[in-house]
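*Asks:* Supplied in structure tokens, the structure appears directly below.
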There are 2 protein chains.
Amino acid sequence: MDHILSGLPVAAAILEKASKSIEEIKAKGNTPKLAILRVGENPEDLRYERNLIRKGESIGIQVESRVLPLSSSEDDIRAAVWELDEDHSVHGILMFRPLPAGVDEDAICREINPEKDVDGAAEGSLAGVFTGREQGFAPCTARAVMEILKYYGVSLEGKKVTVLGRSLVVGKPLAMMLLAENATVTVCHSKTVDTREETRRADILVTAIGKANMVDKSYVRKEQIVLDVGVSLDPATGRFSGDVNYDEVEPEVASITPLKGGVGAVTTAVLLTQVVEAALRQTRKPSWTD
Amino acid sequence: MDHILSGLPVAAAILEKASKSIEEIKAKGNTPKLAILRVGENPEDLRYERNLIRKGESIGIQVESRVLPLSSSEDDIRAAVWELDEDHSVHGILMFRPLPAGVDEDAICREINPEKDVDGAAEGSLAGVFTGREQGFAPCTARAVMEILKYYGVSLEGKKVTVLGRSLVVGKPLAMMLLAENATVTVCHSKTVDTREETRRADILVTAIGKANMVDKSYVRKEQIVLDVGVSLDPATGRFSGDVNYDEVEPEVASITPLKGGVGAVTTAVLLTQVVEAALRQTRKPSWTD
């Protein structure tokens with residue numbers, strides 16, 4: 001197996017497959033369209049948005065941003081969601097989170113049309129990933145991890161996988177997806193007592209905590225596969241880093257995702273492919289309004 | 001801590017607390033009511049039903065059974081669910097599962113009014129247990145395990161908990177509830193390679209696989225707390241047994257639930273208390289129909 005698990009060929013393969021579906025959709029006179037709903041000007045959101053627009057348009061997915069001021073009320077945001085829910089030209093909705101303080105984010109997420117919930121934020125999608133039923137869409141980063149493992153031929157059956165982090169966007173959905181592939185899954189978090197013991201015993205380690213460079217070589221052992229999902233600002237260097245101290249850990253383990261061109265690159269591709277999947281589901285439906 | 005973690009005082013404490021709420025509900029002229037929907041005559045279901053009727057009525061909860069023949073179609077069952085959904089005298093619905101082969105159980109569960117979903121079967125409840133949001137009701141057996149741990153003062157923070165089983169009624173929701181209490185959680189199942197390694201390293205072991213007497217003393221160690229959720233027929237003895245070989249394991253561990261008067265006794269109490277909680281939510285609402 002490769003030592004460096006680059007996300008770039010994984011993303012390319014995902015988008016290559018999506019391109020075929022895009023042709024099918026275009027043949028019917030439609031264009032897959034993602035609507036981004038952004039409240040404010042968070043630099044991280046802007047970076048992801050630019051990426052989506054560039055990559056989306058390069059393969060034939062239209063990406064449109066709807067931007068609301070940071071001062072928006074819950075009602076303003078809800079109204080924007082409703083408008084996108086009802087716009088038949090929009091197949092997928094990505095709403096950047098967290099929403100401004102004071103806004104009930106869970107309530108807003110519930111307003112997203114489940115058929116357009118390509119970011120896996122709405123209740124139906126979360127219930128789907130928990131139950132294993134095919135409904136809604138998976139949270140993109142969790143699915144990106146699964147796509148990387150699949151692409152590099154990592155069998156999960158009976159493997160010990162330790163997941164660092166229990167968030168609703170990565171840790172918990174990923175644990176469910178790994179269980180569905182017959183891995184034995186341990187979920188750790190800030191209250192875990194001996195985290196090193198839990199990480200070192202794993203065959204596969206996935207870090208998703210957002211603590212720059214926390215995972216040093218004392219957390220790993222030779223035979224491991226390490227996937228680093230976290231991205232956060234390292235106060236020591238003032239630069240964005242993964243959860244894994246890459247320079248220290250990379251020589252110690254069997255395989256590892258790079259910080260640049262790693263999980264993040266695949267996440268973008270997953271989001272776009274989920275837009276295409278949404279468009280397929282929506283355009284394949286019999287239409288009685290014609 | 002007690003060596004035998006009897007469920008009986010746990011159940012008594014839960015029902016004692018429920019009794020106070022029942023008084024509040026009765027003072028308003030209402031009676032909490034559970035409707036049981038049973039398709040066919042499964043002996044296990046009948047046993048649970050008799051228990052619920054007896055215990056429910058002893059504390060002032062009305063329990064009514066609606067029985068459909070095993071030959072019922074999906075539409076028949078759906079119609080029965082709708083009727084109970086709309087019956088204002090019914091506060092909680094327990095539908096015995098599995099439903100007959102050929103019936104889309106997931107689809108039927110989605111029809112249960114989430115406010116009456118006291119068995120934690122509907123989508124809103126499952127999403128609630130996954131996200132940790134207060135909505136719907138927890139699957140009763142998973143909550144019963146949590147109630148036993150709480151009653152006996154077992155702190156979960158930082159504890160290693162191994163859960164055997166990944167079902168949607170116990171294993172997966174229990175894993176989520178344990179994580180919410182800051183335990184480090186490992187979920188094992190039939191494809192786990194070295195199950196003994198995973199069970200022996202735990203501080204707390206919960207078995208929920210339905211393999212009679214599978215967990216013998218080779219799976220445990222002295223300091224452990226063992227909670228046995230499984231109940232299944234042991235082909236060797238022709239008798240119902242837990243997942244744990246009780247006689248062999250009991251002397252080896254710090255604490256253990258008994259087969260009789262164990263988790264099952266608490267599950268019944270949890271279901272009844274969820275009926276009361278449902279009735280409270282429904283009767284506390286402002287009524288504009290008066």
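Every chain in the structure tokens takes a letter, A first, then B, and so on in the order presented; its residues are numbered from 1, and the ligands are numbered from 1 following the presented order.
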Quick one: residues within 10 Å of stretch 226-236 of chain A, only C-alpha atoms, excluding same-chain residues fewer than 5 positions away - as a ChimeraX atom specification?

*Replies:* /A:4-5,141-142,144-145,148-149,161-165,170-171,199,202-215,220,241-246,249-250,253-259,262-264,267

*Asks:* Using C-alpha atoms, can you write the selected residues to a file as a compact mmCIF listing (two decimals), in the first residue's frame?

*Replies:*
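Listing of selection-v4.txt after writing:
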```
# COMPACT_ATOMS: atom_id res chain seq x y z
CA ILE A 4 1.39 8.69 1.43
CA LEU A 5 -2.40 8.47 1.05
CA THR A 141 -15.84 14.70 5.64
CA ALA A 142 -16.90 11.40 7.18
CA ALA A 144 -14.31 11.41 2.46
CA VAL A 145 -12.47 9.26 5.00
CA ILE A 148 -9.90 7.25 0.87
CA LEU A 149 -9.87 3.88 2.61
CA VAL A 161 -10.22 1.65 14.22
CA THR A 162 -9.78 4.43 16.75
CA VAL A 163 -11.55 7.70 15.99
CA LEU A 164 -10.37 10.78 17.88
CA GLY A 165 -13.31 13.15 18.15
CA VAL A 170 -17.05 13.69 11.57
CA GLY A 171 -16.52 11.51 14.65
CA THR A 199 -4.54 5.25 19.48
CA ALA A 202 -5.55 0.70 16.55
CA ASP A 203 -4.89 -0.68 13.08
CA ILE A 204 -6.30 2.54 11.66
CA LEU A 205 -6.31 5.91 13.41
CA VAL A 206 -8.54 8.78 12.33
CA THR A 207 -7.98 12.15 14.01
CA ALA A 208 -10.77 14.72 13.94
CA ILE A 209 -10.35 16.99 16.93
CA GLY A 210 -8.97 20.27 15.58
CA LYS A 211 -5.95 20.45 17.90
CA ALA A 212 -3.00 21.39 15.73
CA ASN A 213 -0.08 18.97 15.94
CA MET A 214 -1.39 17.24 19.08
CA VAL A 215 -0.81 13.73 17.78
CA VAL A 220 1.34 5.86 16.92
CA SER A 241 -2.01 22.41 10.76
CA GLY A 242 -3.55 18.99 11.02
CA ASP A 243 -4.16 17.19 14.30
CA VAL A 244 -1.10 15.11 13.46
CA ASN A 245 2.43 16.42 13.77
CA TYR A 246 3.14 15.27 10.25
CA VAL A 249 4.61 10.92 12.62
CA GLU A 250 5.04 10.32 8.88
CA VAL A 253 3.70 4.78 10.40
CA ALA A 254 2.81 2.57 7.45
CA SER A 255 0.56 5.08 5.68
CA ILE A 256 -0.63 8.62 6.29
CA THR A 257 -2.69 11.32 4.61
CA PRO A 258 -0.81 14.53 3.80
CA LEU A 259 -2.06 17.85 5.18
CA GLY A 262 -5.32 15.01 1.98
CA VAL A 263 -8.81 14.49 3.38
CA GLY A 264 -9.88 18.06 2.58
CA THR A 267 -14.29 16.35 1.05
```

*Asks:* Return the neighbours of chain B among the residues of chain A, cut-off 10 Å, counting only C-alpha atoms, as a PyMOL selection string.

*Replies:* chain A and resi 106+122-133+157-162+166-168+172-173+175-176+179-195+198

*Asks:* With N, CA and C atoms retained, write the just-selected residues as a tab-separated table (two decimals), in the first residue's frame.

*Replies:*
```tsv
chain	number	residue	atom	x	y	z
A	106	ASP	N	-29.84	24.09	14.93
A	106	ASP	CA	-30.57	22.83	14.72
A	106	ASP	C	-31.91	23.09	14.04
A	122	ALA	N	-29.24	17.86	7.79
A	122	ALA	CA	-30.64	17.79	8.23
A	122	ALA	C	-30.91	16.48	8.97
A	123	GLU	N	-32.02	16.48	9.67
A	123	GLU	CA	-32.35	15.35	10.53
A	123	GLU	C	-32.42	14.02	9.79
A	124	GLY	N	-33.04	14.04	8.61
A	124	GLY	CA	-33.18	12.80	7.85
A	124	GLY	C	-31.83	12.20	7.50
A	125	SER	N	-30.86	13.05	7.16
A	125	SER	CA	-29.53	12.57	6.83
A	125	SER	C	-28.84	11.98	8.05
A	126	LEU	N	-28.98	12.66	9.19
A	126	LEU	CA	-28.34	12.18	10.42
A	126	LEU	C	-28.96	10.85	10.85
A	127	ALA	N	-30.29	10.76	10.75
A	127	ALA	CA	-30.95	9.49	11.08
A	127	ALA	C	-30.47	8.41	10.11
A	128	GLY	N	-30.28	8.78	8.84
A	128	GLY	CA	-29.82	7.82	7.83
A	128	GLY	C	-28.45	7.25	8.16
A	129	VAL	N	-27.52	8.11	8.56
A	129	VAL	CA	-26.16	7.64	8.83
A	129	VAL	C	-26.15	6.81	10.12
A	130	PHE	N	-27.04	7.12	11.04
A	130	PHE	CA	-27.11	6.36	12.30
A	130	PHE	C	-27.72	4.98	12.07
A	131	THR	N	-28.77	4.93	11.28
A	131	THR	CA	-29.48	3.66	11.09
A	131	THR	C	-28.87	2.82	9.97
A	132	GLY	N	-28.10	3.47	9.08
A	132	GLY	CA	-27.59	2.76	7.93
A	132	GLY	C	-28.59	2.67	6.80
A	133	ARG	N	-29.72	3.36	6.95
A	133	ARG	CA	-30.72	3.36	5.87
A	133	ARG	C	-30.30	4.36	4.80
A	157	GLU	N	-12.98	-4.91	7.54
A	157	GLU	CA	-13.59	-5.99	8.32
A	157	GLU	C	-12.65	-6.50	9.41
A	158	GLY	N	-13.13	-6.41	10.64
A	158	GLY	CA	-12.37	-6.91	11.78
A	158	GLY	C	-11.21	-6.01	12.20
A	159	LYS	N	-11.00	-4.90	11.50
A	159	LYS	CA	-9.91	-4.00	11.86
A	159	LYS	C	-10.29	-3.17	13.08
A	160	LYS	N	-9.28	-2.88	13.90
A	160	LYS	CA	-9.50	-1.98	15.03
A	160	LYS	C	-9.29	-0.55	14.55
A	161	VAL	N	-10.33	0.25	14.64
A	161	VAL	CA	-10.22	1.65	14.22
A	161	VAL	C	-10.49	2.55	15.43
A	162	THR	N	-9.55	3.44	15.70
A	162	THR	CA	-9.78	4.43	16.75
A	162	THR	C	-10.05	5.77	16.10
A	166	ARG	N	-15.68	13.25	18.58
A	166	ARG	CA	-17.05	12.73	18.59
A	166	ARG	C	-18.02	13.76	18.06
A	167	SER	N	-17.58	14.57	17.10
A	167	SER	CA	-18.47	15.61	16.55
A	167	SER	C	-19.53	14.99	15.67
A	168	LEU	N	-20.55	15.78	15.42
A	168	LEU	CA	-21.66	15.34	14.58
A	168	LEU	C	-21.32	15.43	13.11
A	172	LYS	N	-18.85	11.03	15.08
A	172	LYS	CA	-19.97	10.11	15.28
A	172	LYS	C	-20.47	9.48	13.97
A	173	PRO	N	-20.68	10.26	12.92
A	173	PRO	CA	-21.10	9.59	11.67
A	173	PRO	C	-20.04	8.63	11.13
A	175	ALA	N	-17.93	6.87	12.86
A	175	ALA	CA	-17.99	5.64	13.67
A	175	ALA	C	-19.09	4.72	13.14
A	176	MET	N	-20.23	5.30	12.79
A	176	MET	CA	-21.35	4.50	12.27
A	176	MET	C	-20.99	3.88	10.92
A	179	LEU	N	-18.53	1.02	11.44
A	179	LEU	CA	-19.23	-0.16	11.98
A	179	LEU	C	-19.97	-0.89	10.87
A	180	ALA	N	-20.56	-0.12	9.97
A	180	ALA	CA	-21.30	-0.74	8.87
A	180	ALA	C	-20.38	-1.56	7.97
A	181	GLU	N	-19.08	-1.21	7.98
A	181	GLU	CA	-18.10	-1.98	7.20
A	181	GLU	C	-17.40	-3.02	8.07
A	182	ASN	N	-17.98	-3.31	9.22
A	182	ASN	CA	-17.49	-4.38	10.10
A	182	ASN	C	-16.16	-4.12	10.80
A	183	ALA	N	-15.81	-2.83	10.94
A	183	ALA	CA	-14.66	-2.51	11.79
A	183	ALA	C	-15.09	-2.55	13.25
A	184	THR	N	-14.11	-2.79	14.14
A	184	THR	CA	-14.33	-2.66	15.58
A	184	THR	C	-13.91	-1.24	15.93
A	185	VAL	N	-14.86	-0.44	16.41
A	185	VAL	CA	-14.62	1.01	16.48
A	185	VAL	C	-14.56	1.51	17.92
A	186	THR	N	-13.52	2.29	18.21
A	186	THR	CA	-13.42	2.97	19.50
A	186	THR	C	-13.44	4.48	19.26
A	187	VAL	N	-14.30	5.18	20.00
A	187	VAL	CA	-14.38	6.63	19.87
A	187	VAL	C	-13.78	7.28	21.12
A	188	CYS	N	-12.77	8.13	20.89
A	188	CYS	CA	-12.10	8.85	21.98
A	188	CYS	C	-12.40	10.34	21.87
A	189	HIS	N	-12.13	11.06	22.96
A	189	HIS	CA	-12.44	12.50	22.99
A	189	HIS	C	-11.65	13.13	24.12
A	190	SER	N	-11.95	14.37	24.41
A	190	SER	CA	-11.14	15.12	25.38
A	190	SER	C	-11.16	14.51	26.78
A	191	LYS	N	-12.16	13.69	27.10
A	191	LYS	CA	-12.24	13.10	28.44
A	191	LYS	C	-11.66	11.69	28.50
A	192	THR	N	-11.17	11.20	27.38
A	192	THR	CA	-10.53	9.88	27.38
A	192	THR	C	-9.29	9.94	28.26
A	193	VAL	N	-9.09	8.91	29.08
A	193	VAL	CA	-8.02	9.00	30.07
A	193	VAL	C	-6.65	8.72	29.45
A	194	ASP	N	-6.48	7.58	28.82
A	194	ASP	CA	-5.17	7.29	28.22
A	194	ASP	C	-5.32	7.22	26.71
A	195	THR	N	-5.32	8.38	26.09
A	195	THR	CA	-5.58	8.44	24.65
A	195	THR	C	-4.51	7.69	23.86
A	198	GLU	N	-5.22	4.10	23.48
A	198	GLU	CA	-6.31	3.85	22.53
A	198	GLU	C	-5.85	4.04	21.08
```

*Asks:* Atom CA of A:His91 and atom CA of A:Ala279 are how many Å apart?

*Replies:*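 That distance, rounded to one decimal, is 5.2 Å.
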
*Asks:* Please identify the helix (DSSP H, G or I) residues within stretch 22-228 of chain B (assignment by DSSP from backbone atoms) and present them as a VMD selection string.

*Replies:* chain B and resid 22 to 27 43 to 59 74 to 86 105 to 111 114 to 116 123 to 131 140 to 151 171 to 180 195 to 200 217 to 219

*Asks:* Which residues are near A:Ala278? Cut-off 9 Å, only C-alpha atoms, ignore same chain within fewer than 6 positions. Put them as a ChimeraX atom specification.

*Replies:* /A:32,91-92,115-118,137

*Asks:* May I have the residues from that selection written out with N, CA and C atoms, as a short mmCIF file (atom, residue, chain, number, x, y, z; two decimals), in the first residue's frame?

*Replies:*
```cif
data_model
loop_
_atom_site.label_atom_id
_atom_site.label_comp_id
_atom_site.auth_asym_id
_atom_site.auth_seq_id
_atom_site.Cartn_x
_atom_site.Cartn_y
_atom_site.Cartn_z
N PRO A 32 -26.70 20.37 -12.95
CA PRO A 32 -26.66 20.22 -11.49
C PRO A 32 -26.25 21.55 -10.86
N HIS A 91 -30.31 21.92 -6.81
CA HIS A 91 -30.39 20.50 -6.42
C HIS A 91 -29.76 20.22 -5.06
N GLY A 92 -28.79 21.06 -4.69
CA GLY A 92 -28.12 20.83 -3.40
C GLY A 92 -27.92 22.14 -2.66
N GLU A 115 -34.02 16.29 0.45
CA GLU A 115 -33.55 15.85 -0.87
C GLU A 115 -32.40 16.72 -1.39
N LYS A 116 -32.23 17.90 -0.78
CA LYS A 116 -31.16 18.81 -1.22
C LYS A 116 -30.04 18.91 -0.19
N ASP A 117 -30.13 18.09 0.85
CA ASP A 117 -29.23 18.22 2.00
C ASP A 117 -27.87 17.57 1.73
N VAL A 118 -27.15 18.08 0.73
CA VAL A 118 -25.91 17.44 0.28
C VAL A 118 -24.77 17.53 1.28
N PHE A 137 -28.05 12.40 2.88
CA PHE A 137 -26.66 12.35 2.44
C PHE A 137 -25.74 12.29 3.66
#
```

*Asks:* What is the distance, in Å and to one decimal place, between atom CA of A:Gly40 and atom CA of A:Pro69?

*Replies:* 5.2 Å

*Asks:* Just the number, please: distance in Å from atom CA of A:Val103 to atom CA of A:Ser73, one decimal.

*Replies:*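 Straight-line distance from atom CA of A:Val103 to atom CA of A:Ser73 works out to 7.1 Å.
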